[in-house]
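This report concerns only the one structure given below.
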Amino acid sequence: MRILVVSLVYPLPTNVARGTFVSDNAAVLTSLGHEVKVINPLPRMLKYQESRRSTLTGVAKAPTNFEHGEVSVFAPRFWGLPGHPYPSLTIRSMRKISKSVTKWLSDWRPELIVCHTIWPVSELANRLAKQWQIPWVAVVHGHDFDVGLQDKNTSNHILRLAKQADQIITVSQRLADVAKDCGITNHSVIKCHTAVEEEWQTKPKNWRGRWRKEKLDILFPADPRRPEKNHYLALQTCEELETRGWIVGVTTLRQQPRTIVWDRMLVANVTLITSNREASPLVARESLICGTPVVSVDVGDVGNYLPEFCLVAEYEPKKLADAIESVLKHDWQEGFELPEEYSFAYVKNQWQSLISNLLEQT
């Protein structure tokens with residue numbers, strides 16, 4: 001089967017850390033024997049404008065055609081202003097690039113479109129699906145429902161496109177509940193699988209240093225420039241640990257390749273997540289698979305798999321520091337297992353069932 005993946009974020013030649021959750025999904029579809037091509041619309045922008053967000057790094061000078069892994073990627077340009085104060089401008093521009101997409105695909109015609117995120121790329125997915133009379137699926141990873149629905153400029157467009165999709169996929173039950181509350185009936189939950197290669201997989205390790213006298217390596221698994229990641233709270237937590245005698249070092253992640261990210265997870269003592277907003281943070285599960293315990297505020301779906309002593313309900317440095325010390329005291333000899341629903345095999349089967357059901361309906 002030929003599947004066209006459309007996404008606003010996808011790994012770029014100069015920023016391979018961008019949109020890894022989308023490339024993971026493309027890998028799942030490829031493993032099912034489907035032929036996959038990717039459309040990654042990019043906003044027109046100057047180099048200095050990339051500093052607005054880490055996901056924009058590499059966008060200004062990105063090539064129009066490239067390959068990531070063995071998947072062909074086409075990156076047409078569209079017009080869009082920060083915050084989308086004039087959504088009609090973005091909509092017209094997104095619909096217009098459908099011609100260049102059709103030209104790039106040439107005789108290759110998809111039988112299904114999988115669109116990651118709704119605003120604004122679902123305008124393109126919806127237009128192409130109508131043009132070719134094929135079904136399309138929208139995958140919501142969080143921002144569309146958590147932020148976009150609160151924005152008066154984009155909320156109506158997100159709801160309109162979500163209801164026009166043949167199927168909405170959310171990556172967590174919380175997002176599925178949002179879809180239900182908004183009157184979206186054709187939705188289901190498929191998690192993002194944990195794509196850590198076998199070479200980096202190990203059991204969580206016990207703390208063997210001197211208590212409150214040793215150096216503690218804390219991993220903050222995000223770009224500090226992203227405000228929703230709440231880097232300041234992580235620094236406050238580290239200061240609290242230092243008042244207790246710990247010598248704390250903090251490592252942050254920016255646009256590193258995944259192999260480097262996994263290497264850093266292997267050597268850290270604890271991974272600390274302090275985000276204000278998450279749907280299903282991949283870094284928490286990746287850290288656990290790499291053998292590094294995780295302490296997190298109760299955000300996203302981390303409560304589904306993290307032990308109770310790893311979770312903190314309040315955004316308070318002292319309680320996060322207490323949780324870190326509890327994690328260091330815990331005996332991890334028995335190892336740690338993630339729920340099956342986050343495994344590659346389970347997610348692969350869910351996508352296979354979804355695709356089969358869509359084909360039966362059309």
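Residues are named by chain letter and number: chains run A, B, ... in the order of the structure tokens, numbers start at 1 in each chain, and ligands are numbered from 1 in the order shown.
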
Legend entry - Shell around Gly142 (chain A) at 7 Å using only C-alpha atoms, local window under 6 positions removed, as a ChimeraX atom specification: /A:175,278-279

Neighbour list for Asn156 (chain A) as a PDB file with C-alpha atoms, in the first residue's frame, cut-off 12 Å, only C-alpha atoms, skip fewer than 3 positions in-chain:
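Resulting contents of part-v3.pdb:
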ATOM      1  CA  PRO A  87      -5.078  32.112   9.616  1.00  0.00           C
ATOM      2  CA  SER A  88      -6.704  32.641   6.211  1.00  0.00           C
ATOM      3  CA  ILE A 118      -3.796  19.259  12.559  1.00  0.00           C
ATOM      4  CA  TRP A 119      -2.975  22.935  12.271  1.00  0.00           C
ATOM      5  CA  PRO A 120      -2.119  23.960   9.637  1.00  0.00           C
ATOM      6  CA  ASP A 144      -3.412  21.115  18.645  1.00  0.00           C
ATOM      7  CA  PHE A 145      -5.687  20.303  21.587  1.00  0.00           C
ATOM      8  CA  GLY A 148      -4.509  25.411  19.478  1.00  0.00           C
ATOM      9  CA  LEU A 149      -8.032  24.988  20.856  1.00  0.00           C
ATOM     10  CA  GLN A 150      -7.374  27.829  23.308  1.00  0.00           C
ATOM     11  CA  ASP A 151      -6.333  30.196  20.510  1.00  0.00           C
ATOM     12  CA  LYS A 152      -9.208  32.172  19.039  1.00  0.00           C
ATOM     13  CA  ASN A 153      -7.393  32.391  15.687  1.00  0.00           C
ATOM     14  CA  LEU A 159     -12.180  21.574  15.078  1.00  0.00           C
ATOM     15  CA  ARG A 160     -13.328  21.821  11.455  1.00  0.00           C
ATOM     16  CA  LEU A 161     -10.388  19.792  10.163  1.00  0.00           C
ATOM     17  CA  ALA A 162     -10.585  17.261  12.993  1.00  0.00           C
ATOM     18  CA  LYS A 163     -14.205  16.519  12.122  1.00  0.00           C
ATOM     19  CA  CYS A 182     -15.288  18.612  21.489  1.00  0.00           C
TER      20      CYS A 182
END

Nearby residues (only C-alpha atoms) at most 9 Å from Ser98 (chain A), same-chain spacing under 6 positions excluded, as a PDB file with C-alpha atoms, in the first residue's frame:
ATOM      1  CA  LEU A 124      -3.055  20.202   2.770  1.00  0.00           C
ATOM      2  CA  ALA A 125      -3.914  16.621   3.769  1.00  0.00           C
ATOM      3  CA  ARG A 127      -7.289  18.932   0.066  1.00  0.00           C
ATOM      4  CA  LEU A 128      -5.142  16.099  -1.316  1.00  0.00           C
TER       5      LEU A 128
END

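Of the residues under consideration (A:Trp200, A:Trp246, A:Trp207, A:Tyr232), A:Trp200 shows the shortest atom-to-atom contact distance to Ser287 (chain A) when counting only C-alpha atoms.
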
Inset, instruction - Enumerate the residues of region 105-292 of chain A with a DSSP assignment of helix (DSSP H, G or I), computed from the backbone, and present them as an NGL selection string. - result: :A and (105 or 122-132 or 143-146 or 148-150 or 155-164 or 173-181 or 198-200 or 227-229 or 231-243 or 258-267 or 282-289)

Legend entry - Close residues, Thr64 (chain A) itself excluded, 12 Å, only C-alpha atoms, min 3 positions apart in chain, as a ChimeraX atom specification: /A:12-13,38-44,59-61,67,72-77,100-101,104
